[in-house]
Amino acid sequence: MDKLPQLIDTLGRVHSDLRLSVTDRCNIRCFYCMPSEVVRFLPRDQILSFEEITRFVRIVAPLGIDRVRLTGGEPLVRTHLHELVAMLAGVGGIDDIALTTNGVLLAEQAADLKRAGLHRLNISLDTLDPVKFERLTRRRLLDRVLTGIDRACEVGFRQIRLNAIAIRGETEVEVVPLVKFARQRNLELRFIEFMPLDADGRWQPDQVLSGAALRKIVEHNFGPLRPAPRQDASQPAVDYLFANGDRVGFIHPVSRPFCESCNRLRLTAEGQIRNCLFSHQEWDARALMREGASDAELQAMVREAIHHKAPGHGIDTAEFVRPQRAMYQIGG
């Protein structure tokens with residue numbers, strides 16, 4: 001593969017990570033992401049095909065993209081997703097393929113995904129309480145999520161992380177059970193501050209349970225934490241180690257934004273390039289591909305998107321304007 005000039009924005013941030021949504025559909029209805037009812041999903045013909053997705057990845061790999069994370073919606077509701085994983089694993093220059101999932105369909109698909117070339121998993125798990133799980137997700141599916149986690153552990157992915165959204169008034173009592181659950185299974189747990197990406201538009205700053213507050217809860221119950229060496233300079237999490245070396249992480253997009261080290265590019269399920277999760281501008285890669293554009297034309301569009309990347313998302317400022325799309329419509 002011939003290398004081309006890297007994707008570097010006006011602030012010198014080098015982009016190497018592609019967040020790739022494969023669907024806006026989901027099989028649960030978490031209140032911090034989706035509306036409870038009357039969800040209007042994209043028509044099937046507007047969603048990128050596996051071939052179009054693979055072409056886009058093949059186009060951006062020479063520009064320095066070497067990591068891909070599949071997101072949604074819930075990516076596992078996309079039929080035969082392991083086939084896409086295999087196609088991406090065959091793209092030269094892609095060294096790491098990861099997946100973010102709610103885990104509901106993971107037990108049935110974990111083995112096929114691993115064989116296809118999936119390296120890492122992030123599994124959403126906000127609570128171990130079935131009653132609270134139903135209230136948060138509006139579905140009675142916790143048992144299936146836990147079965148999926150156990151199956152993923154059996155299959156043996158390179159890395160499995162658990163992601164818990166941190167919401168004031170909800171998460172405090174979940175910290176100890178979740179930490180114990182993760183450590184018993186030798187899994188990394190990361191708490192993620194609640195962001196203004198809910199479909200109902202009801203997010204308020206006082207609902208954010210900060211990473212600093214969470215760390216205090218963890219240390220109160222499990223003893224002092226020591227800073228962990230950063231595994232990746234651009235990683236969003238600040239990681240800490242327990243006395244025995246177990247790892248826990250805190251992602252602070254609201255209280256301590258990490259935009260200065262962001263290396264992520266995004267492609268929505270219908271082929272819109274976004275240079276930030278909170279961007280108000282998109283570039284239509286699907287239209288170019290379906291109009292017969294060359295690889296060079298698509299690469300030029302990607303470079304334009306990166307060139308227009310803002311210094312930060314601005315959640316922590318009075319000027320912040322939330323995007324019109326919810327999380328499930330963008331891709332986590």
# chains A, B, ... in the order shown; residues from 1 in each chain; ligands from 1

call {"tool": "residues_around", "arguments": {"residues": "A:Asp284", "least_positions_apart": "4", "cutoff": "9 Å", "atoms": "only C-alpha atoms", "output": "compact mmCIF listing (two decimals) with N, CA, C and O atoms, in the first residue's frame"}}
result
# COMPACT_ATOMS: atom_id res chain seq x y z
N GLU A 270 -25.16 6.19 6.90
CA GLU A 270 -25.56 6.56 5.54
C GLU A 270 -24.45 7.29 4.80
O GLU A 270 -24.69 7.93 3.77
N GLY A 271 -23.21 7.20 5.31
CA GLY A 271 -22.07 7.67 4.54
C GLY A 271 -21.74 9.13 4.67
O GLY A 271 -21.13 9.72 3.75
N GLN A 272 -22.07 9.75 5.79
CA GLN A 272 -21.72 11.15 6.02
C GLN A 272 -20.44 11.22 6.86
O GLN A 272 -20.37 10.63 7.94
N ILE A 273 -19.45 11.93 6.36
CA ILE A 273 -18.19 12.11 7.09
C ILE A 273 -18.40 13.20 8.15
O ILE A 273 -18.94 14.27 7.86
N LEU A 288 -20.80 10.86 -3.34
CA LEU A 288 -19.64 10.75 -4.24
C LEU A 288 -19.46 9.33 -4.74
O LEU A 288 -19.26 9.10 -5.93
N MET A 301 -12.19 14.82 -0.21
CA MET A 301 -13.31 15.16 0.67
C MET A 301 -12.96 14.89 2.13
O MET A 301 -13.27 15.70 3.02

call {"tool": "residues_around", "arguments": {"residues": "A:Leu105", "least_positions_apart": "5", "cutoff": "8 Å", "atoms": "only C-alpha atoms", "output": "JSON list (two decimals) with N, CA, C and O atoms, in the first residue's frame"}}
result
[["chain", "number", "residue", "atom", "x", "y", "z"],
["A", 76, "LEU", "N", -24.57, -5.11, 15.91],
["A", 76, "LEU", "CA", -24.86, -6.54, 15.74],
["A", 76, "LEU", "C", -26.25, -6.80, 15.19],
["A", 76, "LEU", "O", -26.56, -7.96, 14.86],
["A", 77, "VAL", "N", -27.08, -5.78, 15.05],
["A", 77, "VAL", "CA", -28.36, -6.01, 14.36],
["A", 77, "VAL", "C", -28.18, -5.97, 12.85],
["A", 77, "VAL", "O", -29.09, -6.34, 12.11],
["A", 144, "ARG", "N", -29.41, -11.48, 28.73],
["A", 144, "ARG", "CA", -28.78, -11.74, 27.44],
["A", 144, "ARG", "C", -27.45, -10.98, 27.33],
["A", 144, "ARG", "O", -26.49, -11.49, 26.74],
["A", 145, "VAL", "N", -27.41, -9.76, 27.88],
["A", 145, "VAL", "CA", -26.15, -9.00, 27.88],
["A", 145, "VAL", "C", -25.08, -9.74, 28.68],
["A", 145, "VAL", "O", -23.94, -9.90, 28.23],
["A", 148, "GLY", "N", -23.83, -12.66, 26.88],
["A", 148, "GLY", "CA", -22.94, -12.23, 25.81],
["A", 148, "GLY", "C", -21.56, -11.89, 26.31],
["A", 148, "GLY", "O", -20.55, -12.21, 25.66]]

call {"tool": "closest_atom_pairs", "arguments": {"of": "stretch 99-194 of chain A", "to": "stretch 30-40 of chain A", "cutoff": "8 Å", "atoms": "only C-alpha atoms", "output": "JSON lines"}}
result
{"residue": "A:Leu136", "atom": "CA", "partner": "A:Cys30", "partner_atom": "CA", "distance": 5.5}
{"residue": "A:Thr137", "atom": "CA", "partner": "A:Cys30", "partner_atom": "CA", "distance": 3.9}
{"residue": "A:Arg138", "atom": "CA", "partner": "A:Cys30", "partner_atom": "CA", "distance": 6.6}
{"residue": "A:Phe194", "atom": "CA", "partner": "A:Tyr32", "partner_atom": "CA", "distance": 7.6}

call {"tool": "write_last_selection", "arguments": {"atoms": "N, CA, C and O atoms", "output": "mmCIF file, in the first residue's frame"}}
result
data_model
loop_
_atom_site.group_PDB
_atom_site.id
_atom_site.type_symbol
_atom_site.label_atom_id
_atom_site.label_comp_id
_atom_site.auth_asym_id
_atom_site.auth_seq_id
_atom_site.Cartn_x
_atom_site.Cartn_y
_atom_site.Cartn_z
ATOM 1 N N LEU A 136 -33.552 1.960 32.418
ATOM 2 C CA LEU A 136 -32.606 2.724 31.608
ATOM 3 C C LEU A 136 -32.718 2.411 30.121
ATOM 4 O O LEU A 136 -32.590 3.299 29.281
ATOM 5 N N THR A 137 -32.953 1.135 29.799
ATOM 6 C CA THR A 137 -32.941 0.693 28.401
ATOM 7 C C THR A 137 -34.327 0.467 27.822
ATOM 8 O O THR A 137 -34.458 0.275 26.619
ATOM 9 N N ARG A 138 -35.334 0.450 28.690
ATOM 10 C CA ARG A 138 -36.720 0.195 28.301
ATOM 11 C C ARG A 138 -36.906 -1.189 27.698
ATOM 12 O O ARG A 138 -37.813 -1.422 26.899
ATOM 13 N N PHE A 194 -21.983 11.359 31.034
ATOM 14 C CA PHE A 194 -23.210 11.544 30.257
ATOM 15 C C PHE A 194 -23.069 12.778 29.371
ATOM 16 O O PHE A 194 -22.812 13.874 29.846
#

call {"tool": "select_by_dssp", "arguments": {"residues": "stretch 13-97 of chain A", "states": "alpha helix (DSSP H)", "output": "list in words"}}
result
Phe50, Glu51, Glu52, Ile53, Thr54, Arg55, Phe56, Val57, Arg58, Ile59, Val60, Leu81, His82, Glu83, Leu84, Val85, Ala86, Met87, Leu88 and Ala89 of chain A

call {"tool": "write_last_selection", "arguments": {"atoms": "C-alpha atoms", "output": "PDB file, in the first residue's frame"}}
result
ATOM      1  CA  PHE A  50     -20.514  -3.636   3.035  1.00  0.00           C
ATOM      2  CA  GLU A  51     -18.745  -3.020  -0.263  1.00  0.00           C
ATOM      3  CA  GLU A  52     -19.121   0.762   0.049  1.00  0.00           C
ATOM      4  CA  ILE A  53     -17.902   0.690   3.640  1.00  0.00           C
ATOM      5  CA  THR A  54     -14.892  -1.404   2.668  1.00  0.00           C
ATOM      6  CA  ARG A  55     -14.091   0.905  -0.215  1.00  0.00           C
ATOM      7  CA  PHE A  56     -14.116   3.902   2.112  1.00  0.00           C
ATOM      8  CA  VAL A  57     -11.766   2.141   4.538  1.00  0.00           C
ATOM      9  CA  ARG A  58      -9.485   1.132   1.672  1.00  0.00           C
ATOM     10  CA  ILE A  59      -9.408   4.774   0.558  1.00  0.00           C
ATOM     11  CA  VAL A  60      -8.527   6.239   3.971  1.00  0.00           C
ATOM     12  CA  LEU A  81     -21.702  -8.354  10.333  1.00  0.00           C
ATOM     13  CA  HIS A  82     -18.843 -10.854  10.570  1.00  0.00           C
ATOM     14  CA  GLU A  83     -18.635 -10.735   6.768  1.00  0.00           C
ATOM     15  CA  LEU A  84     -17.880  -7.016   6.927  1.00  0.00           C
ATOM     16  CA  VAL A  85     -15.256  -7.649   9.605  1.00  0.00           C
ATOM     17  CA  ALA A  86     -13.566 -10.160   7.306  1.00  0.00           C
ATOM     18  CA  MET A  87     -13.632  -7.678   4.430  1.00  0.00           C
ATOM     19  CA  LEU A  88     -12.057  -4.962   6.593  1.00  0.00           C
ATOM     20  CA  ALA A  89      -9.459  -7.378   7.937  1.00  0.00           C
TER      21      ALA A  89
END

call {"tool": "residues_around", "arguments": {"residues": "A:Val176", "least_positions_apart": "3", "cutoff": "10 Å", "atoms": "only C-alpha atoms", "output": "PyMOL selection string"}}
result
chain A and resi 171-173+179-181+217-218+220-222

call {"tool": "residues_around", "arguments": {"residues": "A:Asp95", "least_positions_apart": "3", "cutoff": "12 Å", "atoms": "only C-alpha atoms", "output": "mmCIF file with N, CA, C and O atoms, in the first residue's frame"}}
result
data_model
loop_
_atom_site.group_PDB
_atom_site.id
_atom_site.type_symbol
_atom_site.label_atom_id
_atom_site.label_comp_id
_atom_site.auth_asym_id
_atom_site.auth_seq_id
_atom_site.Cartn_x
_atom_site.Cartn_y
_atom_site.Cartn_z
ATOM 1 N N SER A 16 -5.835 8.888 12.883
ATOM 2 C CA SER A 16 -5.534 7.491 12.550
ATOM 3 C C SER A 16 -6.654 6.535 12.924
ATOM 4 O O SER A 16 -6.547 5.337 12.700
ATOM 5 N N ASP A 17 -7.756 7.048 13.489
ATOM 6 C CA ASP A 17 -8.825 6.216 14.039
ATOM 7 C C ASP A 17 -10.137 6.560 13.348
ATOM 8 O O ASP A 17 -10.561 7.717 13.347
ATOM 9 N N LEU A 18 -10.787 5.547 12.758
ATOM 10 C CA LEU A 18 -12.067 5.737 12.085
ATOM 11 C C LEU A 18 -13.172 5.072 12.883
ATOM 12 O O LEU A 18 -13.123 3.867 13.145
ATOM 13 N N ALA A 61 -7.144 4.259 4.398
ATOM 14 C CA ALA A 61 -5.982 3.582 4.989
ATOM 15 C C ALA A 61 -4.650 4.188 4.522
ATOM 16 O O ALA A 61 -3.749 4.394 5.347
ATOM 17 N N GLY A 64 -3.299 7.141 6.536
ATOM 18 C CA GLY A 64 -2.854 6.961 7.908
ATOM 19 C C GLY A 64 -3.869 6.353 8.849
ATOM 20 O O GLY A 64 -3.576 6.124 10.025
ATOM 21 N N ILE A 65 -5.085 6.076 8.374
ATOM 22 C CA ILE A 65 -6.076 5.403 9.217
ATOM 23 C C ILE A 65 -5.664 3.937 9.350
ATOM 24 O O ILE A 65 -5.577 3.217 8.358
ATOM 25 N N ASP A 66 -5.388 3.521 10.578
ATOM 26 C CA ASP A 66 -4.990 2.120 10.783
ATOM 27 C C ASP A 66 -5.844 1.403 11.825
ATOM 28 O O ASP A 66 -5.628 0.231 12.104
ATOM 29 N N ARG A 67 -6.817 2.134 12.411
ATOM 30 C CA ARG A 67 -7.714 1.539 13.406
ATOM 31 C C ARG A 67 -9.149 1.838 13.015
ATOM 32 O O ARG A 67 -9.476 2.969 12.651
ATOM 33 N N VAL A 68 -9.993 0.827 13.115
ATOM 34 C CA VAL A 68 -11.408 0.980 12.782
ATOM 35 C C VAL A 68 -12.238 0.450 13.942
ATOM 36 O O VAL A 68 -11.951 -0.628 14.476
ATOM 37 N N ARG A 69 -13.251 1.212 14.336
ATOM 38 C CA ARG A 69 -14.200 0.741 15.340
ATOM 39 C C ARG A 69 -15.594 0.759 14.726
ATOM 40 O O ARG A 69 -16.058 1.796 14.247
ATOM 41 N N LEU A 88 -12.929 -6.010 6.063
ATOM 42 C CA LEU A 88 -12.057 -4.962 6.593
ATOM 43 C C LEU A 88 -10.707 -5.521 7.017
ATOM 44 O O LEU A 88 -9.675 -4.852 6.878
ATOM 45 N N ALA A 89 -10.718 -6.749 7.530
ATOM 46 C CA ALA A 89 -9.459 -7.378 7.937
ATOM 47 C C ALA A 89 -8.532 -7.587 6.742
ATOM 48 O O ALA A 89 -7.312 -7.707 6.915
ATOM 49 N N GLY A 90 -9.102 -7.612 5.546
ATOM 50 C CA GLY A 90 -8.305 -7.786 4.342
ATOM 51 C C GLY A 90 -7.783 -6.504 3.740
ATOM 52 O O GLY A 90 -7.073 -6.529 2.728
ATOM 53 N N VAL A 91 -8.092 -5.372 4.355
ATOM 54 C CA VAL A 91 -7.619 -4.073 3.850
ATOM 55 C C VAL A 91 -6.213 -3.817 4.368
ATOM 56 O O VAL A 91 -5.976 -3.804 5.580
ATOM 57 N N GLY A 92 -5.300 -3.602 3.485
ATOM 58 C CA GLY A 92 -3.926 -3.335 3.880
ATOM 59 C C GLY A 92 -3.803 -2.062 4.701
ATOM 60 O O GLY A 92 -4.411 -1.040 4.386
ATOM 61 N N ALA A 98 -12.155 -3.007 16.018
ATOM 62 C CA ALA A 98 -12.866 -3.100 17.289
ATOM 63 C C ALA A 98 -14.356 -2.921 17.044
ATOM 64 O O ALA A 98 -14.797 -2.521 15.958
ATOM 65 N N GLY A 117 -11.826 -11.771 12.303
ATOM 66 C CA GLY A 117 -10.711 -10.843 12.471
ATOM 67 C C GLY A 117 -10.963 -9.699 13.432
ATOM 68 O O GLY A 117 -10.148 -8.767 13.495
ATOM 69 N N LEU A 118 -12.065 -9.745 14.192
ATOM 70 C CA LEU A 118 -12.311 -8.706 15.185
ATOM 71 C C LEU A 118 -11.341 -8.872 16.347
ATOM 72 O O LEU A 118 -11.189 -9.965 16.891
ATOM 73 N N HIS A 119 -10.680 -7.786 16.730
ATOM 74 C CA HIS A 119 -9.664 -7.851 17.775
ATOM 75 C C HIS A 119 -10.189 -7.498 19.160
ATOM 76 O O HIS A 119 -9.838 -8.149 20.139
ATOM 77 N N ARG A 120 -11.009 -6.435 19.240
ATOM 78 C CA ARG A 120 -11.362 -5.893 20.553
ATOM 79 C C ARG A 120 -12.850 -5.593 20.624
ATOM 80 O O ARG A 120 -13.502 -5.328 19.609
#

call {"tool": "atom_distance", "arguments": {"atom1": "atom CA of A:Asn263", "atom2": "atom CA of A:Arg25"}}
result
26.1 Å

call {"tool": "atom_distance", "arguments": {"atom1": "atom CA of A:Arg247", "atom2": "atom CA of A:Glu188"}}
result
5.8 Å

call {"tool": "atom_distance", "arguments": {"atom1": "atom CA of A:Leu4", "atom2": "atom CA of A:Gly93"}}
result
12.0 Å

call {"tool": "residues_around", "arguments": {"residues": "A:Phe191", "least_positions_apart": "2", "cutoff": "7 Å", "atoms": "only C-alpha atoms", "output": "list in words"}}
result
Asn163, Ala164, Ile165, Ala166, Leu189, Glu193, Gly249, Phe250 and Ile251 of chain A

call {"tool": "write_last_selection", "arguments": {"atoms": "C-alpha atoms", "output": "PDB file, in the first residue's frame"}}
result
ATOM      1  CA  ASN A 163     -18.452   0.936  29.270  1.00  0.00           C
ATOM      2  CA  ALA A 164     -20.781   2.491  31.851  1.00  0.00           C
ATOM      3  CA  ILE A 165     -22.473   5.838  31.288  1.00  0.00           C
ATOM      4  CA  ALA A 166     -22.078   7.996  34.403  1.00  0.00           C
ATOM      5  CA  LEU A 189     -14.145  -0.959  33.135  1.00  0.00           C
ATOM      6  CA  GLU A 193     -19.639  11.047  31.507  1.00  0.00           C
ATOM      7  CA  GLY A 249     -10.731   4.249  33.404  1.00  0.00           C
ATOM      8  CA  PHE A 250     -12.665   7.507  33.376  1.00  0.00           C
ATOM      9  CA  ILE A 251     -13.669   9.361  30.214  1.00  0.00           C
TER      10      ILE A 251
END
